[in-house]
Every structure is written in C-alpha cells, then in structure tokens.
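Some notes on the structure that comes next.
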Amino acid sequence: MPRSAGPSGAKWWFDILIWALFLNWLVGRFGMVELAATNIVWKFSEIGWMPAVGIAAATSVLIGKSVGQKDFDAAARQARVGVITVVGYMISLACVFLIFRRQLVGLITDDPAVIAVGAAVFIPLAIFQMFDGVTICCLNALRGAGDILVPAILVVVSGWVIMLGGGRLMVEIHPEWGSIGPWIVGVVFIMLLSLALT
C-alpha cells in the first residue's frame with residue numbers, strides 16, 4: 001500500500017498545484033473578466049470529471065481483482081469498457097457545453113463580457129473534457145493493474161513542461177488570444193497525455 005500511496009498522493013498534489021498555477025498565473029494575468037469566466041466554466045467542468053473519477057475508480061477495482069486472479073483478458077476488457085463509458089459520457093456533456101455555452105455562463109452571471117469570454121472558453125474545455133476522460137480512466141486502470149510510478153511521473157512532468165511551460169509560452173507569443181491561448185495548450189497537453197497513457 002505505501003508503495004502505491006506515495007506516487008498516487010504526489011500525483012494528486014502536483015495536479016492541484018498545476019491547475020492552481022494555470023488558473024491564477026496564466027489565466028489570471030488577463031484580468032478579472034477572463035479569470036471570472038474561466039472559473040465559471042471550470043465549475044461546470046466538475047459535472048464531467050467528478051463522475052468520470054467515480055467510474056474510473058470502479059474500473060480500477062475491477063481490474064485489480066482481475067489481475068489478482070491472473071485474468072488479464074478480463075482486465076483489458078474492463079479497461080476498454082471503463083474508457084468507452086467515460087468517453088461516451090464526456091462526449092454527451094461536451095455537446096451540451098458547446099450548444100448551451102452562453103446560457104450556462106448566463107446562469108451564474110449577467111455580465112455580458114464574462115458571458116462572451118466564458119462562451120469562448122467552453123469550446124476548448126469541451127474538447128479537453130473528452131481527452132481528460134480517457135486520461136482519468138487510463139490512470140485508474142493502470143493503478144488497478146499496479147502500474148503507478150511511471151504514470152504519476154508522466155502526469156507531473158508533462159503538466160509542468162507542456163501545460164505550464166507551453167501555456168506561459170503561448171501567453172508571451174499570442175497575448176491577444178487572452179485566456180484561450182493557455183486553454184489551447186491545455187487541450188494539446190491532455191491529448192498527448194491521454195495518448196501516452198492509452
């Protein structure tokens with residue numbers, strides 16, 4: 001248990017730190033409107049990733065049981081079913097986010113500037129969510145199979161280098177894109193990470 005708890009705990013801690021820096025250091029530099037819009041959209045993203053974490057945790061338990069029984073075919077099937085379930089949910093949610101993005105932001109604020117920015121931020125977020133679902137499920141599937149250290153290192157290093165480093169570079173190269181620039185880098189980050197974990 002301690003061998004798995006250390007990397008898992010460190011991964012979650014760094015994940016929270018990376019997102020805090022992304023929101024406050026990269027998006028926050030564009031002002032209160034961009035920050036407010038991103039925070040509103042981020043709250044809606046919880047509708048996606050929180051159920052995904054639950055499904056992925058169940059997948060992890062099933063895979064752990066199958067690996068313990070040396071039934072590796074069943075473990076592979078369970079991983080596929082978990083990913084398909086999460087991605088199906090995330091795609092459905094992404095469609096809702098894209099179609100009703102202005103109305104969703106309008107539920108929280110009546111500021112037209114925040115609504116406009118929030119509606120724009122919903123577009124990369126919808127794409128991000130789909131690949132984040134794959135990432136969440138693959139991380140938990142690997143954890144269930146006992147593969148913890150390498151995925152944790154991969155998440156932390158790619159988060160610092162691609163998401164924060166690339167996001168900072170995007171801010172410098174295209175400041176006129178506002179918070180959308182870092183979000184585009186975030187989408188690239190999660191696409192590459194989901195591919196690597198798969």
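Ordering of the structure tokens sets the chain letters (A, B, ...), residue numbers begin anew at 1 in every chain, and ligands are numbered from 1 in the order given.
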Hey, could you make a per-residue contact list for region 71-185 of chain A against region 12-27 of chain A with 8 Å as the cut-off, showing the nearest pair of atoms and its distance in Å to one decimal, counting only C-alpha atoms, sorted by chain and number, as JSON lines?
```
{"residue": "A:Val155", "atom": "CA", "partner": "A:Asp15", "partner_atom": "CA", "distance": 7.8}
{"residue": "A:Val156", "atom": "CA", "partner": "A:Phe14", "partner_atom": "CA", "distance": 6.3}
{"residue": "A:Gly159", "atom": "CA", "partner": "A:Ile18", "partner_atom": "CA", "distance": 6.6}
{"residue": "A:Trp160", "atom": "CA", "partner": "A:Ile18", "partner_atom": "CA", "distance": 6.9}
{"residue": "A:Met163", "atom": "CA", "partner": "A:Phe22", "partner_atom": "CA", "distance": 7.8}
{"residue": "A:Leu164", "atom": "CA", "partner": "A:Phe22", "partner_atom": "CA", "distance": 6.4}
{"residue": "A:Gly167", "atom": "CA", "partner": "A:Leu26", "partner_atom": "CA", "distance": 7.0}
{"residue": "A:Arg168", "atom": "CA", "partner": "A:Leu26", "partner_atom": "CA", "distance": 6.5}
{"residue": "A:Val171", "atom": "CA", "partner": "A:Leu26", "partner_atom": "CA", "distance": 7.3}
{"residue": "A:Gly178", "atom": "CA", "partner": "A:Val27", "partner_atom": "CA", "distance": 7.6}
{"residue": "A:Ser179", "atom": "CA", "partner": "A:Val27", "partner_atom": "CA", "distance": 5.1}
{"residue": "A:Pro182", "atom": "CA", "partner": "A:Leu26", "partner_atom": "CA", "distance": 6.9}
```
Save the residues we just selected, N, CA, C and O atoms, as a short mmCIF file (atom, residue, chain, number, x, y, z; two decimals), in the first residue's frame?
```
data_model
loop_
_atom_site.label_atom_id
_atom_site.label_comp_id
_atom_site.auth_asym_id
_atom_site.auth_seq_id
_atom_site.Cartn_x
_atom_site.Cartn_y
_atom_site.Cartn_z
N VAL A 155 2.40 12.30 -15.67
CA VAL A 155 1.42 13.37 -15.43
C VAL A 155 2.11 14.62 -14.91
O VAL A 155 1.87 15.73 -15.40
N VAL A 156 2.97 14.46 -13.92
CA VAL A 156 3.63 15.61 -13.30
C VAL A 156 4.56 16.32 -14.27
O VAL A 156 4.50 17.55 -14.43
N GLY A 159 2.68 17.94 -17.14
CA GLY A 159 1.91 19.09 -16.64
C GLY A 159 2.79 20.32 -16.50
O GLY A 159 2.41 21.42 -16.91
N TRP A 160 3.99 20.14 -15.93
CA TRP A 160 4.90 21.26 -15.75
C TRP A 160 5.46 21.75 -17.08
O TRP A 160 5.51 22.94 -17.34
N MET A 163 1.85 21.93 -20.09
CA MET A 163 0.73 22.79 -19.71
C MET A 163 1.19 24.14 -19.18
O MET A 163 0.72 25.18 -19.65
N LEU A 164 2.10 24.11 -18.21
CA LEU A 164 2.54 25.39 -17.65
C LEU A 164 3.61 26.06 -18.51
O LEU A 164 3.50 27.25 -18.80
N GLY A 167 1.93 26.84 -21.81
CA GLY A 167 0.94 27.90 -21.57
C GLY A 167 1.59 29.25 -21.40
O GLY A 167 1.11 30.26 -21.95
N ARG A 168 2.69 29.29 -20.68
CA ARG A 168 3.44 30.54 -20.50
C ARG A 168 3.98 31.04 -21.84
O ARG A 168 3.92 32.24 -22.13
N VAL A 171 1.18 32.56 -23.83
CA VAL A 171 0.85 33.90 -23.31
C VAL A 171 1.81 34.95 -23.87
O VAL A 171 1.40 36.06 -24.22
N GLY A 178 -5.77 36.08 -25.24
CA GLY A 178 -6.27 36.05 -23.88
C GLY A 178 -6.16 34.66 -23.27
O GLY A 178 -5.23 33.91 -23.56
N SER A 179 -7.15 34.30 -22.45
CA SER A 179 -7.10 33.02 -21.74
C SER A 179 -7.29 31.83 -22.68
O SER A 179 -6.99 30.69 -22.30
N PRO A 182 -3.73 29.81 -23.30
CA PRO A 182 -3.37 28.73 -22.38
C PRO A 182 -4.31 27.53 -22.46
O PRO A 182 -3.87 26.39 -22.31
#
```
**OP:** Please provide as a PyMOL selection string all residues within 10 Å of region 81-95 of chain A, with the sequence filter that same-chain residues fewer than 2 positions apart are discarded (counting only C-alpha atoms).
**Re:** chain A and resi 45+47-49+51-60+62+75-79+97-101+122-138+140-141+198
Would you save the residues from that selection as a compact mmCIF listing (two decimals), in the first residue's frame, using C-alpha atoms?
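Heads up, here's the output in result_32.txt:
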```
# COMPACT_ATOMS: atom_id res chain seq x y z
CA SER A 45 -16.31 21.02 -15.84
CA ILE A 47 -20.04 17.85 -13.86
CA GLY A 48 -17.74 15.94 -16.21
CA TRP A 49 -14.66 14.92 -14.31
CA PRO A 51 -18.47 11.25 -12.35
CA ALA A 52 -15.52 10.19 -14.53
CA VAL A 53 -13.41 9.76 -11.40
CA GLY A 54 -16.15 7.57 -9.87
CA ILE A 55 -16.42 5.35 -12.96
CA ALA A 56 -12.64 5.16 -13.21
CA ALA A 57 -12.32 4.16 -9.53
CA ALA A 58 -14.80 1.32 -10.07
CA THR A 59 -12.81 0.29 -13.16
CA SER A 60 -9.62 0.27 -11.09
CA LEU A 62 -12.43 -4.49 -11.19
CA ALA A 75 -8.69 -6.77 -17.09
CA ALA A 76 -8.16 -5.50 -20.65
CA ARG A 77 -11.91 -5.73 -21.35
CA GLN A 78 -12.74 -3.86 -18.16
CA ALA A 79 -10.28 -1.10 -19.08
CA PHE A 97 -21.44 22.56 -23.29
CA LEU A 98 -21.00 23.61 -26.92
CA ILE A 99 -24.69 24.10 -27.69
CA PHE A 100 -25.67 25.88 -24.47
CA ARG A 101 -22.40 27.57 -23.52
CA PHE A 122 -16.29 26.45 -23.19
CA ILE A 123 -15.06 25.43 -26.67
CA PRO A 124 -11.55 24.25 -25.67
CA LEU A 125 -12.96 22.93 -22.39
CA ALA A 126 -15.43 20.68 -24.25
CA ILE A 127 -12.55 19.17 -26.23
CA PHE A 128 -10.39 18.95 -23.10
CA GLN A 129 -13.11 17.04 -21.22
CA MET A 130 -13.23 14.20 -23.76
CA PHE A 131 -9.50 13.51 -23.55
CA ASP A 132 -9.49 14.12 -19.80
CA GLY A 133 -11.99 11.27 -19.51
CA VAL A 134 -9.53 8.95 -21.27
CA THR A 135 -6.71 10.16 -19.02
CA ILE A 136 -8.69 9.68 -15.80
CA CYS A 137 -9.83 6.20 -16.77
CA CYS A 138 -6.42 5.06 -18.02
CA ASN A 140 -7.10 4.35 -12.71
CA ALA A 141 -6.89 1.27 -14.93
CA THR A 198 -3.53 4.63 -23.52
```
**OP:** Just list the residues in chain A DSSP gives alpha helix (DSSP H) on the backbone, as JSON, numbers by chain.
**Re:** {"A": [2, 3, 4, 5, 6, 7, 8, 9, 10, 11, 12, 13, 14, 15, 16, 17, 18, 19, 20, 21, 32, 33, 34, 35, 36, 37, 38, 39, 40, 41, 42, 43, 44, 45, 46, 47, 48, 49, 50, 51, 52, 53, 54, 55, 56, 57, 58, 59, 60, 61, 62, 63, 64, 65, 66, 67, 68, 72, 73, 74, 75, 76, 77, 78, 79, 80, 81, 82, 83, 84, 85, 86, 87, 88, 89, 90, 91, 92, 93, 94, 95, 96, 97, 98, 99, 101, 102, 103, 104, 105, 106, 112, 113, 114, 115, 116, 117, 118, 119, 120, 121, 122, 123, 124, 125, 126, 127, 128, 129, 130, 131, 132, 133, 134, 135, 136, 137, 138, 139, 140, 141, 142, 143, 144, 149, 150, 151, 152, 153, 154, 155, 156, 157, 158, 167, 168, 169, 170, 171, 172, 173, 180, 181, 182, 183, 184, 185, 186, 187, 188, 189, 190, 191, 192, 193, 194, 195, 196, 197]}
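Counting from CA of Asn39 (chain A), the distance to CA of Gly118 (chain A) is 8.8 Å.
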Original post:
Restricting the calculation to only C-alpha atoms, which member of A:Val117, A:Leu192, A:Glu46, A:Asp73 is positioned closest to Met32 (chain A)?
Top reply: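 Distance minimum relative to Met32 (chain A) lands on A:Val117.
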Original post:
Which residue, A:Arg80, A:Asp71, A:Gly166, A:Gly64, has the smallest gap to Asp147 (chain A) when you use only C-alpha atoms?
Top reply: A:Gly64
**OP:** Check the smallest atom-to-atom distance from each of A:Val188, A:Leu142, A:Leu149, A:Ile115 to Arg102 (chain A) using only C-alpha atoms, then report the winner.
**Re:**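 Smallest separation from Arg102 (chain A) among the options: A:Ile115.
CA of Val96 (chain A) lies 18.3 Å from CA of Val187 (chain A).
Of the listed residues (A:Met170, A:Trp177, A:Lys65, A:Leu104), A:Leu104 comes nearest to Trp42 (chain A); the distances count only C-alpha atoms.
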**OP:** Rounded to one decimal place, report the CA of Leu195 (chain A)-CA of Thr38 (chain A) distance in Å.
**Re:** 25.6 Å
